[in-house]
file run13.cif (mmCIF, C-alpha atoms)
data_my_file
loop_
_atom_site.label_atom_id
_atom_site.label_comp_id
_atom_site.auth_asym_id
_atom_site.auth_seq_id
_atom_site.Cartn_x
_atom_site.Cartn_y
_atom_site.Cartn_z
CA MET A 13 -15.59 -0.78 4.18
CA LYS A 14 -14.60 1.63 6.95
CA ASP A 15 -14.23 -1.07 9.61
CA LEU A 16 -12.14 -3.28 7.34
CA LEU A 17 -9.91 -0.37 6.33
CA LYS A 18 -9.39 0.59 9.97
CA ARG A 19 -8.37 -2.96 10.81
CA LEU A 20 -5.94 -3.08 7.91
CA SER A 21 -4.54 0.41 8.51
CA GLU A 22 -3.75 -0.19 12.17
CA ALA A 23 -2.11 -3.55 11.46
CA CYS A 24 1.64 -3.58 10.83
CA GLY A 25 3.42 -4.85 7.75
CA ILE A 26 6.43 -3.15 6.20
CA SER A 27 7.97 -4.78 3.13
CA GLY A 28 9.02 -8.33 3.97
CA PHE A 29 6.93 -8.39 7.16
CA GLU A 30 3.39 -8.57 5.76
CA ASP A 31 2.17 -11.39 8.04
CA GLU A 32 -0.47 -9.41 9.97
CA ILE A 33 -2.07 -8.12 6.78
CA ARG A 34 -2.07 -11.55 5.19
CA GLU A 35 -3.84 -13.03 8.22
CA ILE A 36 -6.56 -10.37 8.09
CA LEU A 37 -7.16 -11.05 4.40
CA LYS A 38 -7.22 -14.80 4.97
CA ASP A 39 -9.81 -14.37 7.70
CA GLU A 40 -11.96 -12.13 5.51
CA LEU A 41 -11.78 -14.35 2.41
CA LYS A 42 -11.74 -17.90 3.81
CA ASP A 43 -15.45 -18.50 3.23
CA CYS A 44 -15.87 -16.85 -0.17
CA VAL A 45 -13.11 -18.27 -2.40
CA ASP A 46 -12.53 -21.73 -3.82
CA GLU A 47 -8.81 -21.91 -3.10
CA MET A 48 -6.31 -20.06 -0.93
CA GLU A 49 -2.55 -20.40 -0.62
CA THR A 50 0.52 -18.53 0.55
CA ASP A 51 3.52 -18.89 -1.75
CA ILE A 52 7.20 -18.97 -0.84
CA MET A 53 7.50 -15.18 -1.17
CA GLY A 54 4.57 -14.59 1.18
CA ASN A 55 2.00 -13.57 -1.44
CA LEU A 56 -1.56 -14.53 -0.54
CA ILE A 57 -3.27 -16.04 -3.61
CA THR A 58 -7.01 -16.63 -3.49
CA THR A 59 -8.99 -18.12 -6.37
CA HIS A 60 -12.60 -17.88 -7.53
CA LYS A 61 -12.98 -20.60 -10.16
CA GLY A 62 -14.91 -19.54 -13.24
CA LYS A 63 -16.28 -21.43 -16.20
CA GLU A 64 -14.03 -23.17 -18.69
CA GLY A 65 -13.32 -21.00 -21.69
CA LYS A 66 -13.80 -17.75 -19.79
CA PRO A 67 -10.83 -15.42 -19.14
CA SER A 68 -8.81 -15.29 -15.95
CA VAL A 69 -8.21 -12.00 -14.15
CA MET A 70 -5.64 -11.16 -11.48
CA LEU A 71 -6.55 -8.47 -8.96
CA ALA A 72 -3.28 -7.48 -7.30
CA SER A 73 -3.02 -5.36 -4.18
CA HIS A 74 0.24 -5.00 -2.32
CA MET A 75 0.09 -5.65 1.41
CA ASP A 76 3.29 -3.89 2.44
CA GLU A 77 3.74 -0.37 3.77
CA ILE A 78 6.72 1.95 3.97
CA GLY A 79 8.69 1.84 7.20
CA LEU A 80 12.10 1.46 8.79
CA MET A 81 14.45 -1.28 9.99
CA VAL A 82 16.89 -1.37 12.89
CA SER A 83 20.45 -1.25 11.54
CA PHE A 84 22.56 -0.38 14.61
CA ILE A 85 22.33 0.01 18.39
CA ASP A 86 24.78 2.50 19.89
CA ASP A 87 26.48 2.33 23.28
CA ASP A 88 23.81 4.55 24.85
CA GLY A 89 20.94 2.32 23.69
CA PHE A 90 19.69 4.50 20.82
CA LEU A 91 18.69 2.81 17.57
CA ARG A 92 19.84 3.74 14.10
CA PHE A 93 17.79 2.68 11.12
CA VAL A 94 17.45 2.42 7.36
CA LYS A 95 14.39 3.37 5.33
CA ILE A 96 12.31 0.62 3.75
CA GLY A 97 10.47 2.16 0.80
CA GLY A 98 10.33 5.74 -0.45
CA ILE A 99 10.21 8.18 2.47
CA ASN A 100 11.20 11.84 2.56
CA ASP A 101 13.49 12.41 5.53
CA GLN A 102 11.57 15.50 6.64
CA MET A 103 8.50 13.30 7.30
CA LEU A 104 10.32 11.24 9.94
CA LEU A 105 11.37 13.58 12.70
CA ASN A 106 9.55 13.24 16.05
CA GLN A 107 7.26 10.49 14.81
CA LYS A 108 6.12 7.88 17.29
CA VAL A 109 7.05 4.37 16.15
CA TYR A 110 6.86 0.77 17.25
CA VAL A 111 9.72 -1.68 16.84
CA GLN A 112 8.27 -5.06 15.89
CA THR A 113 10.18 -7.71 17.86
CA GLU A 114 9.76 -11.42 18.49
CA ASN A 115 8.40 -10.55 21.93
CA GLY A 116 5.99 -7.80 20.87
CA GLU A 117 6.02 -4.10 20.13
CA VAL A 118 8.55 -1.73 21.68
CA PRO A 119 7.49 1.94 21.52
CA GLY A 120 9.93 4.66 20.59
CA ILE A 121 10.26 8.13 19.11
CA ILE A 122 12.45 9.38 16.26
CA GLY A 123 14.67 12.13 17.63
CA SER A 124 17.52 14.46 16.71
CA LYS A 125 19.31 17.48 18.11
CA PRO A 126 16.69 19.94 19.53
CA PRO A 127 16.30 23.38 17.90
CA HIS A 128 17.49 25.21 21.05
CA ILE A 129 21.06 24.04 20.46
CA THR A 130 20.98 24.00 16.66
CA SER A 131 23.13 26.56 14.86
CA ALA A 132 21.54 28.99 12.40
CA GLU A 133 23.31 27.23 9.55
CA GLU A 134 22.10 23.80 10.72
CA ALA A 135 18.54 25.09 11.08
CA LYS A 136 18.38 25.89 7.36
CA LYS A 137 19.13 22.30 6.37
CA ILE A 138 16.77 19.34 6.24
CA ILE A 139 17.87 16.81 8.83
CA THR A 140 18.67 13.53 7.11
CA TYR A 141 17.61 10.18 8.52
CA LYS A 142 21.28 9.34 9.11
CA ASP A 143 21.34 12.12 11.72
CA MET A 144 18.25 10.78 13.47
CA PHE A 145 17.86 8.00 16.02
CA ILE A 146 15.10 6.13 17.81
CA ASP A 147 14.78 6.53 21.54
CA ILE A 148 13.16 3.50 23.20
CA GLY A 149 14.14 4.65 26.68
CA ALA A 150 16.95 2.14 27.13
CA LYS A 151 19.73 3.17 29.52
CA ASP A 152 22.48 1.56 27.45
CA LYS A 153 23.24 -0.83 24.60
CA GLU A 154 23.01 -3.89 26.81
CA GLN A 155 19.47 -3.08 27.91
CA ALA A 156 18.38 -2.15 24.39
CA GLU A 157 19.66 -5.47 23.06
CA THR A 158 17.41 -7.34 25.49
CA LEU A 159 14.44 -5.70 23.76
CA VAL A 160 15.28 -5.22 20.09
CA SER A 161 17.56 -6.78 17.49
CA ILE A 162 19.28 -5.73 14.30
CA GLY A 163 16.82 -6.33 11.45
CA ASP A 164 13.65 -5.69 13.45
CA ALA A 165 10.94 -3.88 11.51
CA ILE A 166 9.86 -0.40 12.61
CA VAL A 167 6.38 0.95 11.87
CA PHE A 168 4.78 4.34 12.38
CA HIS A 169 2.17 4.56 15.09
CA THR A 170 -0.90 6.36 13.75
CA ASP A 171 -4.51 5.91 14.79
CA PHE A 172 -7.20 5.53 12.13
CA GLU A 173 -9.72 8.37 12.28
CA GLU A 174 -12.92 9.32 10.47
CA CYS A 175 -13.07 12.87 9.07
CA LEU A 176 -15.71 14.96 7.31
CA ASN A 177 -17.26 14.27 3.89
CA ASP A 178 -16.51 10.52 3.69
CA LEU A 179 -12.81 11.11 4.32
CA VAL A 180 -10.70 8.97 6.65
CA MET A 181 -7.09 9.29 7.74
CA GLY A 182 -4.64 6.65 8.84
CA LYS A 183 -1.35 4.84 8.45
CA ALA A 184 -0.45 2.70 5.44
CA LEU A 185 -3.46 3.60 3.31
CA ASP A 186 -0.93 2.90 0.56
CA ASN A 187 -1.91 0.20 0.09
CA ARG A 188 -4.41 -1.07 2.65
CA VAL A 189 -6.94 0.76 0.47
CA GLY A 190 -6.22 -1.67 -2.36
CA CYS A 191 -6.35 -4.62 0.03
CA ALA A 192 -9.79 -3.57 1.27
CA ILE A 193 -11.08 -3.06 -2.29
CA MET A 194 -9.77 -6.46 -3.42
CA THR A 195 -11.37 -8.12 -0.39
CA LYS A 196 -14.77 -6.54 -0.98
CA VAL A 197 -14.68 -7.53 -4.65
CA MET A 198 -13.84 -11.16 -3.87
CA GLN A 199 -16.66 -11.26 -1.32
CA GLN A 200 -19.25 -10.11 -3.88
CA LEU A 201 -18.20 -11.81 -7.11
CA ASP A 202 -20.83 -12.48 -9.76
CA THR A 203 -18.83 -13.52 -12.81
CA GLU A 204 -18.07 -16.50 -15.01
CA ALA A 205 -14.41 -15.47 -15.18
CA THR A 206 -11.74 -17.00 -13.00
CA VAL A 207 -10.60 -14.33 -10.57
CA TYR A 208 -7.39 -14.36 -8.55
CA GLY A 209 -7.40 -12.04 -5.56
CA VAL A 210 -3.73 -11.57 -4.71
CA GLY A 211 -2.17 -9.76 -1.78
CA THR A 212 1.37 -9.13 -2.99
CA VAL A 213 4.50 -8.56 -0.93
CA GLN A 214 7.37 -6.09 -1.20
CA GLU A 215 5.85 -3.74 -3.77
CA GLU A 216 7.43 -0.72 -2.10
CA VAL A 217 10.92 -2.12 -2.60
CA GLY A 218 10.76 -3.39 -6.18
CA LEU A 219 7.36 -4.88 -7.11
CA LYS A 220 8.77 -8.24 -6.03
CA GLY A 221 5.67 -10.21 -5.07
CA ALA A 222 3.82 -9.13 -8.19
CA LYS A 223 6.59 -10.56 -10.37
CA THR A 224 6.51 -14.01 -8.81
CA SER A 225 2.74 -14.35 -8.35
CA ALA A 226 1.95 -13.17 -11.88
CA PHE A 227 4.47 -15.68 -13.26
CA LYS A 228 2.79 -18.46 -11.31
CA LEU A 229 -0.78 -17.54 -12.28
CA ASN A 230 -0.19 -16.30 -15.84
CA PRO A 231 -3.66 -14.69 -16.06
CA ASP A 232 -5.24 -13.40 -19.25
CA MET A 233 -5.57 -9.92 -17.79
CA ALA A 234 -4.80 -8.09 -14.56
CA ILE A 235 -5.72 -5.03 -12.57
CA ALA A 236 -3.40 -3.55 -9.96
CA LEU A 237 -5.32 -1.90 -7.11
CA ASP A 238 -3.49 0.95 -5.42
CA VAL A 239 -3.65 4.61 -4.45
CA THR A 240 -2.43 7.61 -6.38
CA ILE A 241 -1.57 11.18 -5.49
CA ALA A 242 -4.56 13.42 -4.81
CA GLY A 243 -3.41 17.00 -5.29
CA ASP A 244 -6.54 18.75 -4.02
CA HIS A 245 -4.79 20.64 -1.22
CA PRO A 246 -2.60 23.75 -0.89
CA GLY A 247 0.82 23.73 -2.51
CA VAL A 248 -0.05 21.52 -5.49
CA LYS A 249 -0.86 22.80 -8.99
CA PRO A 250 -3.80 21.03 -10.73
CA GLU A 251 -1.66 20.27 -13.76
CA ASP A 252 0.88 18.49 -11.53
CA ALA A 253 -1.64 16.30 -9.67
CA PRO A 254 -5.19 16.69 -11.00
CA VAL A 255 -6.74 13.77 -9.09
CA LYS A 256 -9.13 14.75 -6.29
CA ALA A 257 -10.16 12.70 -3.28
CA GLY A 258 -13.90 12.16 -3.55
CA SER A 259 -14.17 12.54 -7.33
CA GLY A 260 -14.27 8.85 -8.14
CA PRO A 261 -12.00 5.91 -9.02
CA VAL A 262 -8.86 6.69 -11.01
CA ILE A 263 -8.04 4.86 -14.24
CA SER A 264 -4.39 5.31 -15.11
CA PHE A 265 -3.46 5.49 -18.80
CA ALA A 266 0.27 5.66 -18.07
CA ASP A 267 2.58 6.07 -15.09
CA ALA A 268 6.24 6.98 -14.65
CA SER A 269 6.03 8.71 -18.05
CA GLY A 270 5.57 5.32 -19.67
CA ARG A 271 8.62 3.76 -18.04
CA GLY A 272 6.16 1.92 -15.81
CA LEU A 273 2.80 0.88 -17.26
CA ILE A 274 1.16 2.06 -20.44
CA THR A 275 -2.32 0.65 -20.00
CA HIS A 276 -3.33 -2.01 -22.49
CA PRO A 277 -5.91 -0.57 -24.96
CA MET A 278 -8.32 -3.45 -24.38
CA MET A 279 -8.25 -2.93 -20.62
CA LYS A 280 -8.76 0.81 -21.03
CA LYS A 281 -11.80 0.18 -23.27
CA LEU A 282 -13.33 -2.45 -20.99
CA LEU A 283 -12.92 -0.34 -17.84
CA LEU A 284 -14.40 2.77 -19.44
CA GLU A 285 -17.34 0.77 -20.76
CA ALA A 286 -17.90 -0.79 -17.33
CA ALA A 287 -17.82 2.63 -15.67
CA GLU A 288 -20.39 3.98 -18.11
CA SER A 289 -22.61 0.94 -17.66
CA ALA A 290 -22.46 1.23 -13.86
CA GLY A 291 -22.96 5.01 -13.91
CA ILE A 292 -19.67 5.63 -12.11
CA GLU A 293 -17.78 8.88 -12.64
CA CYS A 294 -14.07 8.12 -13.04
CA GLN A 295 -10.95 10.23 -13.09
CA LEU A 296 -8.31 9.67 -15.76
CA GLU A 297 -4.62 9.96 -14.99
CA VAL A 298 -1.36 10.12 -16.88
CA GLY A 299 1.50 10.24 -14.39
CA ASP A 300 5.21 10.93 -14.56
CA GLY A 301 6.12 9.82 -11.05
CA GLY A 302 5.77 6.44 -9.38
CA THR A 303 4.40 3.13 -10.57
CA THR A 304 2.57 0.07 -9.24
CA ASP A 305 2.54 -3.72 -9.32
CA ALA A 306 1.05 -3.39 -12.81
CA THR A 307 4.51 -2.61 -14.20
CA ALA A 308 5.84 -6.00 -13.12
CA ILE A 309 2.68 -7.91 -14.01
CA HIS A 310 2.31 -6.70 -17.58
CA LEU A 311 5.85 -7.80 -18.47
CA THR A 312 5.39 -11.33 -17.16
CA ARG A 313 5.98 -14.26 -19.52
CA GLU A 314 4.65 -13.28 -22.98
CA GLY A 315 2.93 -10.21 -21.54
CA ILE A 316 -0.37 -9.70 -19.69
CA ALA A 317 -3.04 -7.14 -20.55
CA THR A 318 -2.93 -4.93 -17.47
CA ALA A 319 -4.46 -1.78 -16.01
CA THR A 320 -4.29 0.13 -12.74
CA LEU A 321 -7.25 1.32 -10.69
CA SER A 322 -6.57 3.69 -7.83
CA ALA A 323 -8.19 5.83 -5.19
CA GLY A 324 -6.87 9.36 -4.79
CA SER A 325 -4.93 9.74 -1.54
CA ARG A 326 -3.58 12.91 0.03
CA TYR A 327 -0.11 12.84 1.62
CA ILE A 328 0.98 9.38 0.44
CA HIS A 329 4.29 7.95 1.64
CA THR A 330 4.05 9.75 4.96
CA PRO A 331 3.07 8.45 8.41
CA ILE A 332 -0.55 9.47 7.78
CA SER A 333 -2.64 9.92 4.65
CA VAL A 334 -6.25 10.60 3.67
CA VAL A 335 -8.69 8.81 1.33
CA ASN A 336 -12.38 8.99 0.51
CA LEU A 337 -14.50 5.95 1.37
CA LYS A 338 -16.96 6.57 -1.46
CA ASP A 339 -14.10 6.43 -3.97
CA MET A 340 -13.25 3.01 -2.60
CA GLU A 341 -16.85 1.80 -2.74
CA ASP A 342 -17.23 3.02 -6.33
CA THR A 343 -14.00 1.24 -7.27
CA VAL A 344 -15.48 -2.01 -5.96
CA LYS A 345 -18.64 -1.42 -8.03
CA LEU A 346 -16.56 -0.67 -11.13
CA ILE A 347 -14.52 -3.87 -10.82
CA LEU A 348 -17.60 -5.99 -10.21
CA GLU A 349 -19.22 -4.54 -13.33
CA PHE A 350 -16.01 -5.10 -15.32
CA LEU A 351 -15.87 -8.76 -14.23
CA LYS A 352 -19.56 -9.37 -14.80
CA ARG A 353 -19.19 -8.32 -18.43
CA LEU A 354 -16.37 -10.76 -19.26
#
call {"tool": "encode", "arguments": {"input": "run13.cif", "output": "structure tokens"}}
result
Amino acid sequence: MKDLLKRLSEACGISGFEDEIREILKDELKDCVDEMETDIMGNLITTHKGKEGKPSVMLASHMDEIGLMVSFIDDDGFLRFVKIGGINDQMLLNQKVYVQTENGEVPGIIGSKPPHITSAEEAKKIITYKDMFIDIGAKDKEQAETLVSIGDAIVFHTDFEECLNDLVMGKALDNRVGCAIMTKVMQQLDTEATVYGVGTVQEEVGLKGAKTSAFKLNPDMAIALDVTIAGDHPGVKPEDAPVKAGSGPVISFADASGRGLITHPMMKKLLLEAAESAGIECQLEVGDGGTTDATAIHLTREGIATATLSAGSRYIHTPISVVNLKDMEDTVKLILEFLKRL
């Protein structure tokens, strides 16, 4: 699990540019599924064919990560950018990035006015991304334009590292964690159900790939695999984010205060029964913040019975976050038990 997650974390794939992630998943799954295709949106759809009369299940994990995109190159060769996905501006400053170009990666750093020449009034304010720029070392616009182009993707540069107590840290764990879990499940399937392992695109900017792939597949049920906020660190009240990294898989009963997914009762029952059967301690979550691919999937066609399984992650939607490997491994075991019982 760790090696696969490292490979996925250090690969680059902001929304709309998921190619590297898709190729890793294709390589991992090519010998253990019956069918594999990439649709027009870029979703990777893999299929394990089950027995006739048995249900079909979609396991959806989005491949994209938050990032930036080049929007302007000024006369001095500095890049301006827009945010792709939900990012707090204060997380951006002084981060090392790579611009993904047709000719390879161009390193840069996100800069702004240094504190030595910042007024007292300015120092009290959060610097917005519109007041930042990316320095790639170009001497002027002409030189910069030989290296990068408007519309190039920009990714954070963060090494994957192993920490204490089964914890790891890295870039884009939202949602390379889900991709790794989906991959490990598809590699170990023991079920009579038909299972679709889907790497979806553009979740961070509107759940787009989940909408189109779910419409195509029209499964009987679905599970979105993602991460959720782990609040087990200073500055977070337990009642605001009770999930802890290392305390087991997270079954969501509702997210976005119900504006997103309210988990289908059948899926809730089946997952809880599978957890008990497998002896896996789970965490239960009712959230009022973000949502997942499950929101788009469960509203597809006549409706699809859908649930979300997550691993608790500290510091999500930043250039580096933290997850627990055992949580991921237990999530794989839980899904395998769930599928075996269908």
call {"tool": "atom_distance", "arguments": {"input": "run13.cif", "atom1": "atom CA of Thr170 of chain A", "atom2": "atom CA of Gly182 of chain A"}}
result
6.2 Å
call {"tool": "resolve_selection", "arguments": {"input": "run13.cif", "expression": "the PyMOL selection byres ((chain A and resi 22) around 10)", "output": "list in words"}}
result
Leu17, Lys18, Arg19, Leu20, Ser21, Ala23, Cys24, Gly25, Ile33, Phe168, His169, Thr170, Asp171, Phe172, Gly182, Lys183, Ala184, Leu185 and Arg188 of chain A
call {"tool": "write_last_selection", "arguments": {"input": "run13.cif", "atoms": "C-alpha atoms", "output": "PDB file, in the coordinates of the input"}}
result
ATOM      1  CA  LEU A  17      -9.910  -0.370   6.330  1.00  0.00           C
ATOM      2  CA  LYS A  18      -9.390   0.590   9.970  1.00  0.00           C
ATOM      3  CA  ARG A  19      -8.370  -2.960  10.810  1.00  0.00           C
ATOM      4  CA  LEU A  20      -5.940  -3.080   7.910  1.00  0.00           C
ATOM      5  CA  SER A  21      -4.540   0.410   8.510  1.00  0.00           C
ATOM      6  CA  ALA A  23      -2.110  -3.550  11.460  1.00  0.00           C
ATOM      7  CA  CYS A  24       1.640  -3.580  10.830  1.00  0.00           C
ATOM      8  CA  GLY A  25       3.420  -4.850   7.750  1.00  0.00           C
ATOM      9  CA  ILE A  33      -2.070  -8.120   6.780  1.00  0.00           C
ATOM     10  CA  PHE A 168       4.780   4.340  12.380  1.00  0.00           C
ATOM     11  CA  HIS A 169       2.170   4.560  15.090  1.00  0.00           C
ATOM     12  CA  THR A 170      -0.900   6.360  13.750  1.00  0.00           C
ATOM     13  CA  ASP A 171      -4.510   5.910  14.790  1.00  0.00           C
ATOM     14  CA  PHE A 172      -7.200   5.530  12.130  1.00  0.00           C
ATOM     15  CA  GLY A 182      -4.640   6.650   8.840  1.00  0.00           C
ATOM     16  CA  LYS A 183      -1.350   4.840   8.450  1.00  0.00           C
ATOM     17  CA  ALA A 184      -0.450   2.700   5.440  1.00  0.00           C
ATOM     18  CA  LEU A 185      -3.460   3.600   3.310  1.00  0.00           C
ATOM     19  CA  ARG A 188      -4.410  -1.070   2.650  1.00  0.00           C
TER      20      ARG A 188
END
call {"tool": "residues_around", "arguments": {"input": "run13.cif", "residues": "segment 265-275 of chain A", "least_positions_apart": "2", "cutoff": "7 Å", "atoms": "only C-alpha atoms", "output": "list in words"}}
result
Ile263, Pro277, Met279, Lys280, Glu297, Val298, Gly299, Asp300, Gly301, Gly302, Thr303, Ala306, Thr307, Thr318 and Ala319 of chain A
call {"tool": "residues_around", "arguments": {"input": "run13.cif", "residues": "segment 158-160 of chain A", "least_positions_apart": "5", "cutoff": "10 Å", "atoms": "only C-alpha atoms", "output": "list of chain:residue names"}}
result
A:Val82, A:Ile85, A:Leu91, A:Val111, A:Gln112, A:Thr113, A:Glu114, A:Asn115, A:Gly116, A:Glu117, A:Val118, A:Ile148, A:Ala150, A:Lys153, A:Ala165
call {"tool": "atom_distance", "arguments": {"input": "run13.cif", "atom1": "atom CA of Asp86 of chain A", "atom2": "atom CA of Ala156 of chain A"}}
result
9.1 Å
call {"tool": "residues_near_point", "arguments": {"input": "run13.cif", "point": "(-16.5, -1.1, -16.6)", "cutoff": "6 Å", "atoms": "only C-alpha atoms", "output": "list in words"}}
result
Leu282, Leu283, Leu284, Glu285, Ala286, Ala287, Leu346, Glu349 and Phe350 of chain A
call {"tool": "atom_distance", "arguments": {"input": "run13.cif", "atom1": "atom CA of Met181 of chain A", "atom2": "atom CA of Pro254 of chain A"}}
result
20.2 Å
call {"tool": "residues_near_point", "arguments": {"input": "run13.cif", "point": "(0.6, -13.8, 1.0)", "cutoff": "12 Å", "atoms": "all atoms listed in the file", "output": "PyMOL selection string"}}
result
chain A and resi 25+27-38+48-58+72-76+191+209-214+221-222+224-225
call {"tool": "closest_atom_pairs", "arguments": {"input": "run13.cif", "of": "segment 26-126 of chain A", "to": "segment 324-330 of chain A", "cutoff": "9 Å", "atoms": "all atoms listed in the file", "output": "CSV"}}
result
residue,atom,partner,partner_atom,distance
A:Glu77,CA,A:His329,CA,8.6
A:Ile78,CA,A:His329,CA,6.9
A:Gly97,CA,A:His329,CA,8.5
A:Gly98,CA,A:His329,CA,6.8
A:Ile99,CA,A:His329,CA,6.0
A:Asn100,CA,A:Thr330,CA,7.8
A:Met103,CA,A:Thr330,CA,6.2
A:Leu104,CA,A:Thr330,CA,8.1
call {"tool": "closest_residue", "arguments": {"input": "run13.cif", "among": "A:Gly120, A:Gly89, A:Gly163, A:Gly190", "to": "Asp305 of chain A", "atoms": "all atoms listed in the file"}}
result
A:Gly190
call {"tool": "residues_around", "arguments": {"input": "run13.cif", "residues": "Gly65 of chain A", "least_positions_apart": "3", "cutoff": "12 Å", "atoms": "only C-alpha atoms", "output": "mmCIF file with C-alpha atoms, in the coordinates of the input"}}
result
data_model
loop_
_atom_site.group_PDB
_atom_site.id
_atom_site.type_symbol
_atom_site.label_atom_id
_atom_site.label_comp_id
_atom_site.auth_asym_id
_atom_site.auth_seq_id
_atom_site.Cartn_x
_atom_site.Cartn_y
_atom_site.Cartn_z
ATOM 1 C CA LYS A 61 -12.980 -20.600 -10.160
ATOM 2 C CA GLY A 62 -14.910 -19.540 -13.240
ATOM 3 C CA SER A 68 -8.810 -15.290 -15.950
ATOM 4 C CA GLU A 204 -18.070 -16.500 -15.010
ATOM 5 C CA ALA A 205 -14.410 -15.470 -15.180
ATOM 6 C CA THR A 206 -11.740 -17.000 -13.000
ATOM 7 C CA ASP A 232 -5.240 -13.400 -19.250
ATOM 8 C CA LEU A 354 -16.370 -10.760 -19.260
#
call {"tool": "closest_residue", "arguments": {"input": "run13.cif", "among": "A:Val167, A:Ile309, A:Ala234, A:Met278", "to": "Met70 of chain A", "atoms": "all atoms listed in the file"}}
result
A:Ala234
call {"tool": "axis_aligned_box", "arguments": {"input": "run13.cif", "around": "segment 185-190 of chain A", "padding_each_side": "8 Å", "output": "lines of an AutoDock Vina configuration file"}}
result
center_x = -3.9
center_y = 1.0
center_z = 0.5
size_x = 22.0
size_y = 21.3
size_z = 21.7
call {"tool": "resolve_selection", "arguments": {"input": "run13.cif", "expression": "the PyMOL selection byres ((chain A and resi 321) around 6)", "output": "compact mmCIF listing (two decimals) with C-alpha atoms, in the frame of the given file"}}
result
# COMPACT_ATOMS: atom_id res chain seq x y z
CA LEU A 237 -5.32 -1.90 -7.11
CA VAL A 262 -8.86 6.69 -11.01
CA ILE A 263 -8.04 4.86 -14.24
CA THR A 320 -4.29 0.13 -12.74
CA SER A 322 -6.57 3.69 -7.83
call {"tool": "decode", "arguments": {"input": "run13.cif", "residues": "segment 343-347 of chain A", "atoms": "all heavy atoms", "output": "mmCIF file, in the first residue's frame"}}
result
data_model
loop_
_atom_site.group_PDB
_atom_site.id
_atom_site.type_symbol
_atom_site.label_atom_id
_atom_site.label_comp_id
_atom_site.auth_asym_id
_atom_site.auth_seq_id
_atom_site.Cartn_x
_atom_site.Cartn_y
_atom_site.Cartn_z
ATOM 1 N N THR A 343 -9.878 -0.188 5.230
ATOM 2 C CA THR A 343 -10.929 0.173 4.275
ATOM 3 C C THR A 343 -10.998 -0.839 3.141
ATOM 4 O O THR A 343 -12.082 -1.230 2.698
ATOM 5 C CB THR A 343 -10.683 1.589 3.712
ATOM 6 O OG1 THR A 343 -10.589 2.521 4.794
ATOM 7 C CG2 THR A 343 -11.825 2.015 2.785
ATOM 8 N N VAL A 344 -9.838 -1.284 2.673
ATOM 9 C CA VAL A 344 -9.802 -2.333 1.644
ATOM 10 C C VAL A 344 -10.486 -3.599 2.164
ATOM 11 O O VAL A 344 -11.328 -4.198 1.476
ATOM 12 C CB VAL A 344 -8.350 -2.635 1.228
ATOM 13 C CG1 VAL A 344 -8.296 -3.874 0.327
ATOM 14 C CG2 VAL A 344 -7.729 -1.444 0.522
ATOM 15 N N LYS A 345 -10.160 -4.012 3.378
ATOM 16 C CA LYS A 345 -10.763 -5.220 3.967
ATOM 17 C C LYS A 345 -12.278 -5.067 4.095
ATOM 18 O O LYS A 345 -13.038 -6.011 3.835
ATOM 19 C CB LYS A 345 -10.143 -5.490 5.339
ATOM 20 C CG LYS A 345 -8.677 -5.877 5.299
ATOM 21 C CD LYS A 345 -8.120 -6.031 6.715
ATOM 22 C CE LYS A 345 -6.634 -6.331 6.698
ATOM 23 N NZ LYS A 345 -6.061 -6.392 8.072
ATOM 24 N N LEU A 346 -12.722 -3.884 4.496
ATOM 25 C CA LEU A 346 -14.151 -3.640 4.656
ATOM 26 C C LEU A 346 -14.875 -3.759 3.320
ATOM 27 O O LEU A 346 -15.942 -4.400 3.230
ATOM 28 C CB LEU A 346 -14.372 -2.252 5.261
ATOM 29 C CG LEU A 346 -15.817 -1.748 5.352
ATOM 30 C CD1 LEU A 346 -16.698 -2.714 6.114
ATOM 31 C CD2 LEU A 346 -15.845 -0.357 5.994
ATOM 32 N N ILE A 347 -14.329 -3.170 2.275
ATOM 33 C CA ILE A 347 -14.979 -3.230 0.960
ATOM 34 C C ILE A 347 -15.006 -4.659 0.435
ATOM 35 O O ILE A 347 -16.018 -5.112 -0.125
ATOM 36 C CB ILE A 347 -14.267 -2.295 -0.039
ATOM 37 C CG1 ILE A 347 -14.346 -0.845 0.440
ATOM 38 C CG2 ILE A 347 -14.887 -2.420 -1.424
ATOM 39 C CD1 ILE A 347 -13.448 0.098 -0.322
#
